[in-house]
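Q: Sharing target18.cif, mmCIF, C-alpha atoms; chains and numbers go by the auth columns:
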```cif
data_target
loop_
_atom_site.group_PDB
_atom_site.id
_atom_site.type_symbol
_atom_site.label_atom_id
_atom_site.label_comp_id
_atom_site.label_asym_id
_atom_site.label_seq_id
_atom_site.Cartn_x
_atom_site.Cartn_y
_atom_site.Cartn_z
_atom_site.B_iso_or_equiv
_atom_site.auth_seq_id
_atom_site.auth_asym_id
ATOM 1 C CA MET A 1 -12.113 2.320 -18.990 0.00 1 A
ATOM 2 C CA LYS A 2 -8.379 1.761 -18.725 0.00 2 A
ATOM 3 C CA HIS A 3 -7.013 -0.476 -21.440 0.00 3 A
ATOM 4 C CA HIS A 4 -4.917 -3.510 -20.568 0.00 4 A
ATOM 5 C CA GLY A 5 -1.255 -2.948 -21.250 0.00 5 A
ATOM 6 C CA ASN A 6 -1.273 0.815 -20.665 0.00 6 A
ATOM 7 C CA LYS A 7 1.835 2.086 -18.901 0.00 7 A
ATOM 8 C CA PHE A 8 1.156 3.786 -15.582 0.00 8 A
ATOM 9 C CA GLU A 9 2.654 7.261 -15.779 0.00 9 A
ATOM 10 C CA TYR A 10 3.571 7.361 -12.075 0.00 10 A
ATOM 11 C CA GLU A 11 5.100 3.882 -11.931 0.00 11 A
ATOM 12 C CA ALA A 12 8.578 5.000 -10.849 0.00 12 A
ATOM 13 C CA GLU A 13 7.225 7.255 -8.100 0.00 13 A
ATOM 14 C CA ARG A 14 4.826 4.559 -6.862 0.00 14 A
ATOM 15 C CA ASN A 15 7.630 1.995 -6.807 0.00 15 A
ATOM 16 C CA HIS A 16 9.866 4.397 -4.869 0.00 16 A
ATOM 17 C CA ASP A 17 7.090 4.966 -2.315 0.00 17 A
ATOM 18 C CA LEU A 18 6.487 1.222 -2.061 0.00 18 A
ATOM 19 C CA MET A 19 10.200 0.458 -1.645 0.00 19 A
ATOM 20 C CA SER A 20 10.497 3.124 1.059 0.00 20 A
ATOM 21 C CA ALA A 21 7.736 1.431 3.054 0.00 21 A
ATOM 22 C CA TYR A 22 9.326 -1.979 2.404 0.00 22 A
ATOM 23 C CA HIS A 23 12.759 -0.854 3.634 0.00 23 A
ATOM 24 C CA ARG A 24 11.289 0.821 6.743 0.00 24 A
ATOM 25 C CA LEU A 25 9.486 -2.398 7.654 0.00 25 A
ATOM 26 C CA ILE A 26 12.531 -4.593 6.964 0.00 26 A
ATOM 27 C CA GLU A 27 14.702 -2.368 9.175 0.00 27 A
ATOM 28 C CA ALA A 28 12.129 -2.382 11.995 0.00 28 A
ATOM 29 C CA ALA A 29 11.459 -6.130 11.886 0.00 29 A
ATOM 30 C CA GLU A 30 12.782 -8.260 14.707 0.00 30 A
ATOM 31 C CA TYR A 31 12.686 -11.226 12.347 0.00 31 A
ATOM 32 C CA ILE A 32 11.822 -11.135 8.666 0.00 32 A
ATOM 33 C CA SER A 33 8.856 -12.959 7.206 0.00 33 A
ATOM 34 C CA LEU A 34 8.392 -11.624 3.688 0.00 34 A
ATOM 35 C CA ASP A 35 4.711 -12.575 3.663 0.00 35 A
ATOM 36 C CA ASP A 36 4.226 -10.462 6.809 0.00 36 A
ATOM 37 C CA ILE A 37 6.265 -7.629 5.298 0.00 37 A
ATOM 38 C CA TYR A 38 4.155 -7.570 2.097 0.00 38 A
ATOM 39 C CA ASN A 39 0.960 -7.651 4.179 0.00 39 A
ATOM 40 C CA LYS A 40 2.200 -4.686 6.222 0.00 40 A
ATOM 41 C CA VAL A 41 3.564 -2.734 3.243 0.00 41 A
ATOM 42 C CA VAL A 42 0.165 -2.445 1.570 0.00 42 A
ATOM 43 C CA GLN A 43 -1.344 -1.114 4.813 0.00 43 A
ATOM 44 C CA CYS A 44 1.292 1.630 5.152 0.00 44 A
ATOM 45 C CA PRO A 45 0.229 5.180 4.344 0.00 45 A
ATOM 46 C CA SER A 46 1.209 6.325 0.882 0.00 46 A
ATOM 47 C CA VAL A 47 2.367 9.760 -0.240 0.00 47 A
ATOM 48 C CA ARG A 48 -0.557 9.973 -2.703 0.00 48 A
ATOM 49 C CA PHE A 49 -3.280 7.959 -4.425 0.00 49 A
ATOM 50 C CA TRP A 50 -1.617 5.946 -7.175 0.00 50 A
ATOM 51 C CA VAL A 51 -4.041 6.740 -9.981 0.00 51 A
ATOM 52 C CA SER A 52 -3.785 9.389 -12.680 0.00 52 A
ATOM 53 C CA GLU A 53 -5.702 12.621 -12.327 0.00 53 A
ATOM 54 C CA GLU A 54 -7.569 11.911 -15.576 0.00 54 A
ATOM 55 C CA ARG A 55 -8.672 8.459 -14.455 0.00 55 A
ATOM 56 C CA ALA A 56 -9.781 9.791 -11.062 0.00 56 A
ATOM 57 C CA ALA A 57 -11.826 12.560 -12.722 0.00 57 A
ATOM 58 C CA ILE A 58 -13.520 10.012 -15.017 0.00 58 A
ATOM 59 C CA VAL A 59 -14.398 7.680 -12.154 0.00 59 A
ATOM 60 C CA ILE A 60 -15.616 10.514 -9.899 0.00 60 A
ATOM 61 C CA SER A 61 -17.876 11.724 -12.730 0.00 61 A
ATOM 62 C CA ARG A 62 -19.264 8.203 -13.168 0.00 62 A
ATOM 63 C CA MET A 63 -19.903 7.923 -9.438 0.00 63 A
ATOM 64 C CA LEU A 64 -21.806 11.217 -9.544 0.00 64 A
ATOM 65 C CA LYS A 65 -24.086 9.554 -12.112 0.00 65 A
ATOM 66 C CA GLY A 66 -24.680 6.550 -9.846 0.00 66 A
ATOM 67 C CA ASP A 67 -21.950 4.102 -10.906 0.00 67 A
ATOM 68 C CA ASP A 68 -21.343 1.694 -8.012 0.00 68 A
ATOM 69 C CA LEU A 69 -17.983 0.412 -9.377 0.00 69 A
ATOM 70 C CA HIS A 70 -19.147 -3.204 -9.024 0.00 70 A
ATOM 71 C CA TYR A 71 -16.819 -4.231 -11.865 0.00 71 A
ATOM 72 C CA MET A 72 -13.687 -3.107 -10.009 0.00 72 A
ATOM 73 C CA SER A 73 -11.623 -5.038 -7.492 0.00 73 A
ATOM 74 C CA ARG A 74 -12.343 -4.415 -3.824 0.00 74 A
ATOM 75 C CA ASN A 75 -9.157 -2.348 -3.375 0.00 75 A
ATOM 76 C CA ARG A 76 -9.937 -0.157 -6.399 0.00 76 A
ATOM 77 C CA GLN A 77 -13.488 0.372 -5.126 0.00 77 A
ATOM 78 C CA LEU A 78 -12.197 1.387 -1.691 0.00 78 A
ATOM 79 C CA MET A 79 -9.654 3.752 -3.225 0.00 79 A
ATOM 80 C CA PHE A 80 -12.153 5.458 -5.522 0.00 80 A
ATOM 81 C CA LYS A 81 -14.733 5.732 -2.723 0.00 81 A
ATOM 82 C CA GLU A 82 -12.145 7.530 -0.591 0.00 82 A
ATOM 83 C CA ILE A 83 -11.204 9.765 -3.522 0.00 83 A
ATOM 84 C CA TYR A 84 -14.898 10.479 -4.175 0.00 84 A
ATOM 85 C CA LYS A 85 -15.508 11.349 -0.502 0.00 85 A
ATOM 86 C CA ARG A 86 -12.602 13.803 -0.505 0.00 86 A
ATOM 87 C CA ALA A 87 -13.636 15.213 -3.886 0.00 87 A
ATOM 88 C CA MET A 88 -17.156 15.951 -2.634 0.00 88 A
ATOM 89 C CA GLU A 89 -15.707 17.771 0.368 0.00 89 A
ATOM 90 C CA ILE A 90 -13.553 19.952 -1.896 0.00 90 A
ATOM 91 C CA ARG A 91 -16.473 20.604 -4.256 0.00 91 A
ATOM 92 C CA LYS A 92 -18.670 21.619 -1.345 0.00 92 A
ATOM 93 C CA ASN A 93 -16.121 24.248 -0.314 0.00 93 A
ATOM 94 C CA GLN A 94 -15.019 25.242 -3.828 0.00 94 A
ATOM 95 C CA PRO A 95 -17.864 24.603 -6.297 0.00 95 A
ATOM 96 C CA GLU A 96 -16.160 26.685 -8.999 0.00 96 A
ATOM 97 C CA LEU A 97 -13.462 24.035 -9.540 0.00 97 A
ATOM 98 C CA THR A 98 -13.718 21.653 -12.476 0.00 98 A
ATOM 99 C CA MET A 99 -13.810 17.922 -11.849 0.00 99 A
ATOM 100 C CA PHE A 100 -10.268 17.633 -13.186 0.00 100 A
ATOM 101 C CA GLU A 101 -9.040 20.312 -10.762 0.00 101 A
ATOM 102 C CA VAL A 102 -10.758 18.529 -7.895 0.00 102 A
ATOM 103 C CA ALA A 103 -9.319 15.155 -8.922 0.00 103 A
ATOM 104 C CA PHE A 104 -5.866 16.728 -9.289 0.00 104 A
ATOM 105 C CA ARG A 105 -6.014 17.995 -5.706 0.00 105 A
ATOM 106 C CA VAL A 106 -7.374 14.774 -4.235 0.00 106 A
ATOM 107 C CA VAL A 107 -5.020 12.244 -5.819 0.00 107 A
ATOM 108 C CA ARG A 108 -2.015 14.262 -4.683 0.00 108 A
ATOM 109 C CA GLN A 109 -3.110 14.056 -1.054 0.00 109 A
ATOM 110 C CA PRO A 110 -1.616 11.364 1.188 0.00 110 A
ATOM 111 C CA ALA A 111 -3.517 8.083 0.953 0.00 111 A
ATOM 112 C CA PRO A 112 -4.231 5.909 4.013 0.00 112 A
ATOM 113 C CA CYS A 113 -2.742 2.827 2.313 0.00 113 A
ATOM 114 C CA PHE A 114 -1.497 1.578 -1.062 0.00 114 A
ATOM 115 C CA TYR A 115 -4.833 0.036 -2.112 0.00 115 A
ATOM 116 C CA MET A 116 -3.206 -3.092 -3.516 0.00 116 A
ATOM 117 C CA THR A 117 -2.958 -6.718 -2.528 0.00 117 A
ATOM 118 C CA PRO A 118 0.138 -8.100 -0.823 0.00 118 A
ATOM 119 C CA GLY A 119 0.671 -10.200 -3.956 0.00 119 A
ATOM 120 C CA SER A 120 0.761 -7.080 -6.130 0.00 120 A
ATOM 121 C CA ALA A 121 3.196 -5.417 -3.739 0.00 121 A
ATOM 122 C CA LYS A 122 5.420 -8.502 -3.957 0.00 122 A
ATOM 123 C CA VAL A 123 5.397 -8.369 -7.769 0.00 123 A
ATOM 124 C CA TYR A 124 6.307 -4.657 -7.834 0.00 124 A
ATOM 125 C CA ILE A 125 8.987 -4.971 -5.153 0.00 125 A
ATOM 126 C CA CYS A 126 10.570 -8.045 -6.760 0.00 126 A
ATOM 127 C CA SER A 127 10.572 -6.258 -10.113 0.00 127 A
ATOM 128 C CA VAL A 128 12.325 -3.225 -8.650 0.00 128 A
ATOM 129 C CA LYS A 129 14.875 -5.411 -6.878 0.00 129 A
ATOM 130 C CA LYS A 130 15.526 -7.433 -10.038 0.00 130 A
ATOM 131 C CA LYS A 131 16.138 -4.248 -12.071 0.00 131 A
ATOM 132 C CA TRP A 132 18.473 -2.963 -9.354 0.00 132 A
ATOM 133 C CA TYR A 133 20.492 -6.194 -9.343 0.00 133 A
ATOM 134 C CA GLU A 134 20.658 -6.285 -13.155 0.00 134 A
ATOM 135 C CA GLU A 135 21.881 -2.684 -13.243 0.00 135 A
ATOM 136 C CA ARG A 136 24.464 -3.394 -10.559 0.00 136 A
ATOM 137 C CA LYS A 137 25.665 -6.488 -12.430 0.00 137 A
ATOM 138 C CA ARG A 138 25.921 -4.476 -15.664 0.00 138 A
ATOM 139 C CA LYS A 139 27.967 -1.771 -13.931 0.00 139 A
ATOM 140 C CA LEU A 140 30.298 -4.351 -12.374 0.00 140 A
ATOM 141 C CA ARG A 141 30.923 -5.949 -15.794 0.00 141 A
ATOM 142 C CA HIS A 142 32.187 -2.604 -17.056 0.00 142 A
ATOM 143 C CA LEU A 143 34.764 -2.442 -14.271 0.00 143 A
ATOM 144 C CA TYR A 144 36.507 -5.646 -15.383 0.00 144 A
#
```
Mind converting the file's structure to structure tokens?
A:
Amino acid sequence: MKHHGNKFEYEAERNHDLMSAYHRLIEAAEYISLDDIYNKVVQCPSVRFWVSEERAAIVISRMLKGDDLHYMSRNRQLMFKEIYKRAMEIRKNQPELTMFEVAFRVVRQPAPCFYMTPGSAKVYICSVKKKWYEERKRKLRHLY
């Protein structure tokens, strides 16, 4: 099980993917309702599944043993069920691969959505924007 407080190794890449979707939706919006934007962002396709290969391999192995993931949030369950489905397809065609190799291939495939709540997307996006503004402010201070 993942321990609380662990740093997600793909955080920067995930945030970049999330911000790309956010900016596309902002540019396309006739009028901007941030609640609508966050709701739409999480439904956008993502460049990959935002989970580590190791974690995916562990969860796939547990699912093979009958784990129903009842302790996970709905979005996490949906994500791992999609990963599991794709993993079983790869294993059927390439049974010689290890579970880690299968997980590695699956999580790097495009995902149908971000598998997060609009509230989580808002937190990540606001955090990225805040860091950007702080960096910009710091750079401007050096000019004067």
Q: What's the separation between CA of Tyr38 (chain A) and CA of Lys85 (chain A), in Å to one decimal place?
A: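 Atom-to-atom, CA of Tyr38 (chain A) and CA of Lys85 (chain A) are spaced 27.4 Å apart.
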Q: Determine, counting only C-alpha atoms, which protein, DNA and RNA residues have an atom within 9 Å of an atom of Phe8 (chain A); residues of the same chain fewer than 4 positions away are not included. Present the result as a list in words.
A: Ala12, Val51 and Ser52 of chain A
Q: Could you tell me which residues the PyMOL selection byres ((chain A and resi 47) around 8) returns for this structure, as a short mmCIF file (atom, residue, chain, number, x, y, z; two decimals) with C-alpha atoms, keeping the file's coordinate frame?
A:
```
data_model
loop_
_atom_site.label_atom_id
_atom_site.label_comp_id
_atom_site.auth_asym_id
_atom_site.auth_seq_id
_atom_site.Cartn_x
_atom_site.Cartn_y
_atom_site.Cartn_z
CA ASP A 17 7.09 4.97 -2.32
CA PRO A 45 0.23 5.18 4.34
CA SER A 46 1.21 6.32 0.88
CA ARG A 48 -0.56 9.97 -2.70
CA PHE A 49 -3.28 7.96 -4.42
CA ARG A 108 -2.02 14.26 -4.68
CA GLN A 109 -3.11 14.06 -1.05
CA PRO A 110 -1.62 11.36 1.19
CA ALA A 111 -3.52 8.08 0.95
#
```
Q: Between CA of Met88 (chain A) and CA of Arg62 (chain A), what distance in Å does the model show, to one decimal?
A: 13.2 Å
Q: Just give me the gap between CA of Gln77 (chain A) and CA of Ile26 (chain A) in Å, one decimal is fine.
A: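 Interatomic distance here is 29.1 Å.
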Q: So, counting only C-alpha atoms, which residue among A:Met19, A:Glu9, A:Glu54, A:Asn39 is closest to Thr98 (chain A)?
A: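 Of the candidates, the smallest distance to Thr98 (chain A) is held by A:Glu54.
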Q: Return the single residue from A:Cys126, A:Val106, A:Met116, A:Leu97 that is closest to Glu53 (chain A), with distances computed using all atoms listed in the file.
A: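 Closest to Glu53 (chain A), using all atoms listed in the file: A:Val106.
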Q: Start from the incomplete input, build N, CA and C atoms for region 78-109 of chain A, and deliver everything as a short mmCIF file (atom, residue, chain, number, x, y, z; two decimals), in the frame of the given file.
A:
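part.cif, written as the output of this step:
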```
data_model
loop_
_atom_site.label_atom_id
_atom_site.label_comp_id
_atom_site.auth_asym_id
_atom_site.auth_seq_id
_atom_site.Cartn_x
_atom_site.Cartn_y
_atom_site.Cartn_z
N LEU A 78 -12.49 0.65 -2.93
CA LEU A 78 -12.20 1.39 -1.69
C LEU A 78 -11.42 2.67 -1.98
N MET A 79 -10.45 2.58 -2.88
CA MET A 79 -9.65 3.75 -3.22
C MET A 79 -10.53 4.84 -3.86
N PHE A 80 -11.33 4.45 -4.85
CA PHE A 80 -12.15 5.46 -5.52
C PHE A 80 -13.25 6.01 -4.61
N LYS A 81 -13.75 5.22 -3.69
CA LYS A 81 -14.73 5.73 -2.72
C LYS A 81 -14.10 6.76 -1.81
N GLU A 82 -12.85 6.54 -1.41
CA GLU A 82 -12.14 7.53 -0.59
C GLU A 82 -11.86 8.79 -1.41
N ILE A 83 -11.44 8.62 -2.65
CA ILE A 83 -11.20 9.76 -3.52
C ILE A 83 -12.50 10.55 -3.72
N TYR A 84 -13.59 9.84 -3.97
CA TYR A 84 -14.90 10.48 -4.18
C TYR A 84 -15.31 11.27 -2.93
N LYS A 85 -15.15 10.67 -1.76
CA LYS A 85 -15.51 11.35 -0.50
C LYS A 85 -14.73 12.66 -0.36
N ARG A 86 -13.44 12.60 -0.62
CA ARG A 86 -12.60 13.80 -0.50
C ARG A 86 -12.96 14.82 -1.59
N ALA A 87 -13.26 14.32 -2.78
CA ALA A 87 -13.64 15.21 -3.89
C ALA A 87 -14.92 15.98 -3.56
N MET A 88 -15.89 15.29 -2.97
CA MET A 88 -17.16 15.95 -2.63
C MET A 88 -16.95 17.02 -1.56
N GLU A 89 -16.02 16.78 -0.67
CA GLU A 89 -15.71 17.77 0.37
C GLU A 89 -15.08 19.02 -0.27
N ILE A 90 -14.17 18.82 -1.20
CA ILE A 90 -13.55 19.95 -1.90
C ILE A 90 -14.60 20.70 -2.72
N ARG A 91 -15.44 19.96 -3.42
CA ARG A 91 -16.47 20.60 -4.26
C ARG A 91 -17.46 21.40 -3.42
N LYS A 92 -17.75 20.91 -2.23
CA LYS A 92 -18.67 21.62 -1.34
C LYS A 92 -18.09 22.98 -0.96
N ASN A 93 -16.78 23.01 -0.72
CA ASN A 93 -16.12 24.25 -0.31
C ASN A 93 -15.67 25.12 -1.48
N GLN A 94 -15.48 24.49 -2.66
CA GLN A 94 -15.02 25.24 -3.83
C GLN A 94 -15.77 24.76 -5.07
N PRO A 95 -17.05 25.10 -5.19
CA PRO A 95 -17.86 24.60 -6.30
C PRO A 95 -17.43 25.10 -7.68
N GLU A 96 -16.61 26.13 -7.71
CA GLU A 96 -16.16 26.68 -9.00
C GLU A 96 -15.11 25.81 -9.69
N LEU A 97 -14.50 24.88 -8.96
CA LEU A 97 -13.46 24.04 -9.54
C LEU A 97 -14.05 23.01 -10.50
N THR A 98 -13.30 22.71 -11.55
CA THR A 98 -13.72 21.65 -12.48
C THR A 98 -13.44 20.29 -11.83
N MET A 99 -14.03 19.26 -12.39
CA MET A 99 -13.81 17.92 -11.85
C MET A 99 -12.34 17.53 -11.96
N PHE A 100 -11.69 17.94 -13.04
CA PHE A 100 -10.27 17.63 -13.19
C PHE A 100 -9.45 18.33 -12.10
N GLU A 101 -9.76 19.59 -11.81
CA GLU A 101 -9.04 20.31 -10.76
C GLU A 101 -9.25 19.66 -9.40
N VAL A 102 -10.46 19.22 -9.15
CA VAL A 102 -10.76 18.53 -7.90
C VAL A 102 -9.97 17.22 -7.82
N ALA A 103 -10.04 16.43 -8.89
CA ALA A 103 -9.32 15.16 -8.92
C ALA A 103 -7.82 15.38 -8.75
N PHE A 104 -7.28 16.41 -9.39
CA PHE A 104 -5.87 16.73 -9.29
C PHE A 104 -5.48 16.97 -7.83
N ARG A 105 -6.31 17.71 -7.11
CA ARG A 105 -6.01 18.00 -5.71
C ARG A 105 -6.12 16.74 -4.84
N VAL A 106 -7.14 15.94 -5.09
CA VAL A 106 -7.37 14.77 -4.24
C VAL A 106 -6.29 13.72 -4.41
N VAL A 107 -5.97 13.35 -5.63
CA VAL A 107 -5.02 12.24 -5.82
C VAL A 107 -3.62 12.58 -5.33
N ARG A 108 -3.33 13.86 -5.17
CA ARG A 108 -2.02 14.26 -4.68
C ARG A 108 -1.97 14.40 -3.16
N GLN A 109 -3.08 14.08 -2.51
CA GLN A 109 -3.11 14.06 -1.05
C GLN A 109 -2.58 12.71 -0.57
#
```
